file final.txt (compact mmCIF, C-alpha atoms)
# COMPACT_ATOMS: atom_id res chain seq x y z
CA MET A 1 0.00 0.00 0.00
CA GLU A 2 2.81 2.42 0.84
CA ASN A 3 4.30 1.88 -2.61
CA LEU A 4 1.03 2.95 -4.24
CA LEU A 5 0.70 6.02 -2.02
CA GLU A 6 4.29 7.05 -2.81
CA LYS A 7 3.68 6.76 -6.57
CA LEU A 8 0.59 9.01 -6.57
CA ASN A 9 0.70 12.78 -7.09
CA PHE A 10 -1.98 14.09 -4.77
CA LYS A 11 -3.02 17.66 -5.68
CA ASN A 12 -4.45 19.55 -2.71
CA GLY A 13 -4.57 16.16 -0.97
CA LEU A 14 -6.69 14.53 -3.68
CA VAL A 15 -6.20 12.26 -6.68
CA PRO A 16 -8.88 11.65 -9.35
CA ALA A 17 -10.13 8.09 -9.74
CA ILE A 18 -12.02 6.90 -12.79
CA ILE A 19 -14.41 4.11 -11.80
CA VAL A 20 -15.27 1.57 -14.51
CA ALA A 21 -17.39 -1.56 -14.57
CA GLU A 22 -15.85 -4.94 -15.33
CA ASP A 23 -16.94 -4.57 -18.98
CA GLY A 24 -14.97 -1.31 -19.22
CA GLN A 25 -17.98 1.04 -19.14
CA ALA A 26 -17.13 4.31 -17.39
CA LEU A 27 -19.30 4.71 -14.29
CA THR A 28 -18.08 7.90 -12.64
CA LEU A 29 -15.15 10.11 -11.76
CA CYS A 30 -14.45 10.68 -8.10
CA TYR A 31 -11.65 11.91 -5.89
CA MET A 32 -9.73 10.09 -3.22
CA ASP A 33 -7.56 11.35 -0.43
CA GLU A 34 -5.11 9.08 1.38
CA GLU A 35 -7.76 7.98 3.90
CA ALA A 36 -10.26 7.03 1.16
CA LEU A 37 -7.60 5.06 -0.70
CA ARG A 38 -6.49 3.24 2.44
CA LYS A 39 -10.10 2.33 3.29
CA THR A 40 -10.65 1.14 -0.29
CA LEU A 41 -7.57 -1.07 -0.11
CA ASP A 42 -8.41 -2.35 3.38
CA THR A 43 -12.07 -3.18 2.69
CA GLY A 44 -12.06 -4.02 -1.03
CA GLU A 45 -14.93 -1.57 -1.58
CA VAL A 46 -14.59 1.91 -3.07
CA HIS A 47 -14.39 4.84 -0.65
CA VAL A 48 -14.22 8.39 -1.96
CA PHE A 49 -13.60 11.87 -0.64
CA ARG A 50 -16.86 13.76 -1.18
CA ARG A 51 -15.78 17.33 -1.84
CA SER A 52 -19.36 18.59 -1.41
CA ARG A 53 -19.51 17.11 2.09
CA GLY A 54 -15.85 17.45 3.02
CA ARG A 55 -15.51 13.86 4.18
CA VAL A 56 -14.68 10.30 3.19
CA MET A 57 -17.67 8.12 2.33
CA LYS A 58 -18.11 4.54 1.19
CA LYS A 59 -19.54 4.53 -2.36
CA GLY A 60 -23.13 3.35 -1.94
CA GLU A 61 -23.20 4.27 1.75
CA SER A 62 -26.77 5.63 1.52
CA SER A 63 -28.14 3.55 -1.36
CA GLY A 64 -26.46 0.19 -0.78
CA HIS A 65 -25.18 0.36 -4.38
CA THR A 66 -21.63 -0.58 -3.48
CA GLN A 67 -18.58 -1.08 -5.68
CA LYS A 68 -16.41 -4.15 -5.12
CA VAL A 69 -12.84 -3.51 -6.26
CA MET A 70 -11.60 -5.96 -8.87
CA GLU A 71 -8.46 -4.12 -9.99
CA ILE A 72 -6.63 -0.83 -9.40
CA ARG A 73 -4.45 0.78 -12.06
CA ILE A 74 -2.29 3.89 -11.87
CA ASP A 75 -1.54 6.14 -14.84
CA CYS A 76 1.99 6.59 -16.20
CA GLU A 77 2.68 9.77 -14.22
CA GLY A 78 0.86 8.88 -10.99
CA ASN A 79 -1.76 11.57 -11.58
CA SER A 80 -4.87 9.40 -11.48
CA LEU A 81 -6.28 5.98 -10.74
CA LEU A 82 -8.48 3.66 -12.77
CA ILE A 83 -10.50 1.35 -10.55
CA VAL A 84 -12.33 -1.62 -12.07
CA VAL A 85 -15.34 -2.60 -9.96
CA ARG A 86 -18.21 -5.00 -9.74
CA GLN A 87 -21.09 -2.54 -9.44
CA ARG A 88 -24.09 -3.43 -7.29
CA VAL A 89 -27.30 -2.02 -8.90
CA ALA A 90 -26.06 1.35 -10.23
CA ALA A 91 -23.37 4.01 -9.81
CA CYS A 92 -25.45 7.11 -10.53
CA HIS A 93 -27.61 8.71 -7.86
CA MET A 94 -30.02 9.80 -10.63
CA GLY A 95 -31.08 6.17 -11.14
CA TYR A 96 -28.88 5.17 -14.08
CA PHE A 97 -26.19 2.48 -14.16
CA THR A 98 -23.53 5.04 -15.12
CA CYS A 99 -23.25 8.76 -14.40
CA TYR A 100 -22.55 9.20 -18.12
CA TYR A 101 -26.10 8.42 -19.25
CA ARG A 102 -26.50 11.56 -21.40
CA ARG A 103 -24.95 12.18 -24.81
CA TYR A 104 -24.31 15.69 -26.07
CA GLU A 105 -25.91 16.40 -29.45
CA PRO A 106 -23.97 19.31 -31.04
CA ALA A 107 -26.48 19.97 -33.84
CA GLU A 108 -29.22 20.66 -31.29
CA ASP A 109 -26.87 21.88 -28.53
CA SER A 110 -28.75 19.53 -26.24
CA PHE A 111 -28.36 16.34 -24.24
CA GLN A 112 -30.12 13.06 -24.97
CA VAL A 113 -30.63 10.36 -22.35
CA ARG A 114 -29.04 7.18 -23.70
CA GLU A 115 -29.96 4.68 -20.94
CA GLU A 116 -32.94 3.39 -19.04
CA LYS A 117 -33.17 4.02 -15.32
CA VAL A 118 -32.42 0.98 -13.19
CA PHE A 119 -33.90 2.36 -9.98
CA ASP A 120 -36.09 5.23 -8.80
CA PRO A 121 -34.01 7.73 -6.79
CA GLN A 122 -37.12 8.76 -4.81
CA ASP A 123 -37.46 5.18 -3.50
CA VAL A 124 -33.78 5.01 -2.52
CA TYR A 125 -33.03 8.50 -1.23
CA GLY A 126 -36.48 9.84 -0.43
CA GLY A 127 -37.75 13.29 -1.25
call {"tool": "encode", "arguments": {"input": "final.txt", "output": "structure tokens"}}
result
Amino acid sequence: MENLLEKLNFKNGLVPAIIVAEDGQALTLCYMDEEALRKTLDTGEVHVFRRSRGRVMKKGESSGHTQKVMEIRIDCEGNSLLIVVRQRVAACHMGYFTCYYRRYEPAEDSFQVREEKVFDPQDVYGG
């Protein structure tokens, strides 16, 4: 674990982590501080530093939609991580499997939803 921490270039205490499903589909981009990375390595489930809340949280802490770590990769310069996970239910709090469920359409300057919802956020998070 120390070897990984030494190889990473934390900026303002954080390193970006791209989370992908086992099939390679991008799920989300999050940030990790040293504590989140240590917890991820210790538990085998993704923990992130939630900038909006100023604290470390287990991914799926409120929803139960956890991410089991299958593999961790580091980029060539130690500037980011790629974490391959087995996703339980969905990664997106909006109800979609991936946070990248919208495609930008330049001709219309609009966004088109490209996936079906897999859960109702109201049922999971309440109103």
call {"tool": "residues_around", "arguments": {"input": "final.txt", "residues": "region 41-54 of chain A", "least_positions_apart": "6", "cutoff": "6 Å", "atoms": "all atoms listed in the file", "output": "number ranges by chain"}}
result
A: 31-32, 67-69
call {"tool": "closest_atom_pairs", "arguments": {"input": "final.txt", "of": "region 5-78 of chain A", "to": "region 117-122 of chain A", "cutoff": "12 Å", "atoms": "all atoms listed in the file", "output": "tab-separated table"}}
result
residue	atom	partner	partner_atom	distance
A:Ser62	CA	A:Pro121	CA	11.2
A:Ser63	CA	A:Pro121	CA	9.0
A:His65	CA	A:Phe119	CA	10.6
call {"tool": "atom_distance", "arguments": {"input": "final.txt", "atom1": "CA of Val89 (chain A)", "atom2": "CA of Gly64 (chain A)"}}
result
8.5 Å
call {"tool": "closest_residue", "arguments": {"input": "final.txt", "among": "A:Gln25, A:Thr40, A:Met57, A:Thr66", "to": "Tyr101 (chain A)", "atoms": "only C-alpha atoms"}}
result
A:Gln25
call {"tool": "residues_around", "arguments": {"input": "final.txt", "residues": "Cys30 (chain A)", "least_positions_apart": "4", "cutoff": "7 Å", "atoms": "all atoms listed in the file", "output": "list of chain:residue names"}}
result
A:Pro16, A:Ala17, A:Ile18, A:Val48
call {"tool": "residues_near_point", "arguments": {"input": "final.txt", "point": "(-2.7, 8.1, -11.9)", "cutoff": "12 Å", "atoms": "all atoms listed in the file", "output": "PDB file with C-alpha atoms, keeping the file's coordinate frame"}}
result
ATOM      1  CA  LEU A   4       1.030   2.950  -4.240  1.00  0.00           C
ATOM      2  CA  LEU A   5       0.700   6.020  -2.020  1.00  0.00           C
ATOM      3  CA  GLU A   6       4.290   7.050  -2.810  1.00  0.00           C
ATOM      4  CA  LYS A   7       3.680   6.760  -6.570  1.00  0.00           C
ATOM      5  CA  LEU A   8       0.590   9.010  -6.570  1.00  0.00           C
ATOM      6  CA  ASN A   9       0.700  12.780  -7.090  1.00  0.00           C
ATOM      7  CA  PHE A  10      -1.980  14.090  -4.770  1.00  0.00           C
ATOM      8  CA  LYS A  11      -3.020  17.660  -5.680  1.00  0.00           C
ATOM      9  CA  LEU A  14      -6.690  14.530  -3.680  1.00  0.00           C
ATOM     10  CA  VAL A  15      -6.200  12.260  -6.680  1.00  0.00           C
ATOM     11  CA  PRO A  16      -8.880  11.650  -9.350  1.00  0.00           C
ATOM     12  CA  ALA A  17     -10.130   8.090  -9.740  1.00  0.00           C
ATOM     13  CA  ILE A  18     -12.020   6.900 -12.790  1.00  0.00           C
ATOM     14  CA  TYR A  31     -11.650  11.910  -5.890  1.00  0.00           C
ATOM     15  CA  MET A  32      -9.730  10.090  -3.220  1.00  0.00           C
ATOM     16  CA  ILE A  72      -6.630  -0.830  -9.400  1.00  0.00           C
ATOM     17  CA  ARG A  73      -4.450   0.780 -12.060  1.00  0.00           C
ATOM     18  CA  ILE A  74      -2.290   3.890 -11.870  1.00  0.00           C
ATOM     19  CA  ASP A  75      -1.540   6.140 -14.840  1.00  0.00           C
ATOM     20  CA  CYS A  76       1.990   6.590 -16.200  1.00  0.00           C
ATOM     21  CA  GLU A  77       2.680   9.770 -14.220  1.00  0.00           C
ATOM     22  CA  GLY A  78       0.860   8.880 -10.990  1.00  0.00           C
ATOM     23  CA  ASN A  79      -1.760  11.570 -11.580  1.00  0.00           C
ATOM     24  CA  SER A  80      -4.870   9.400 -11.480  1.00  0.00           C
ATOM     25  CA  LEU A  81      -6.280   5.980 -10.740  1.00  0.00           C
ATOM     26  CA  LEU A  82      -8.480   3.660 -12.770  1.00  0.00           C
ATOM     27  CA  ILE A  83     -10.500   1.350 -10.550  1.00  0.00           C
TER      28      ILE A  83
END
call {"tool": "residues_near_point", "arguments": {"input": "final.txt", "point": "(-17.1, -3.3, -18.2)", "cutoff": "10 Å", "atoms": "only C-alpha atoms", "output": "list in words"}}
result
Val20, Ala21, Glu22, Asp23, Gly24, Gln25, Ala26, Leu27, Val84, Val85, Arg86 and Gln87 of chain A
call {"tool": "closest_residue", "arguments": {"input": "final.txt", "among": "A:Thr98, A:Ile19, A:Val124, A:Arg55", "to": "Glu34 (chain A)", "atoms": "all atoms listed in the file"}}
result
A:Arg55
call {"tool": "atom_distance", "arguments": {"input": "final.txt", "atom1": "CA of Lys39 (chain A)", "atom2": "CA of Glu71 (chain A)"}}
result
14.9 Å
call {"tool": "atom_distance", "arguments": {"input": "final.txt", "atom1": "CA of Tyr96 (chain A)", "atom2": "CA of Glu115 (chain A)"}}
result
7.0 Å
call {"tool": "axis_aligned_box", "arguments": {"input": "final.txt", "around": "region 11-19 of chain A", "padding_each_side": "8 Å", "output": "JSON"}}
result
{"center_x": -8.7, "center_y": 11.8, "center_z": -6.9, "size_x": 27.4, "size_y": 31.4, "size_z": 27.8}
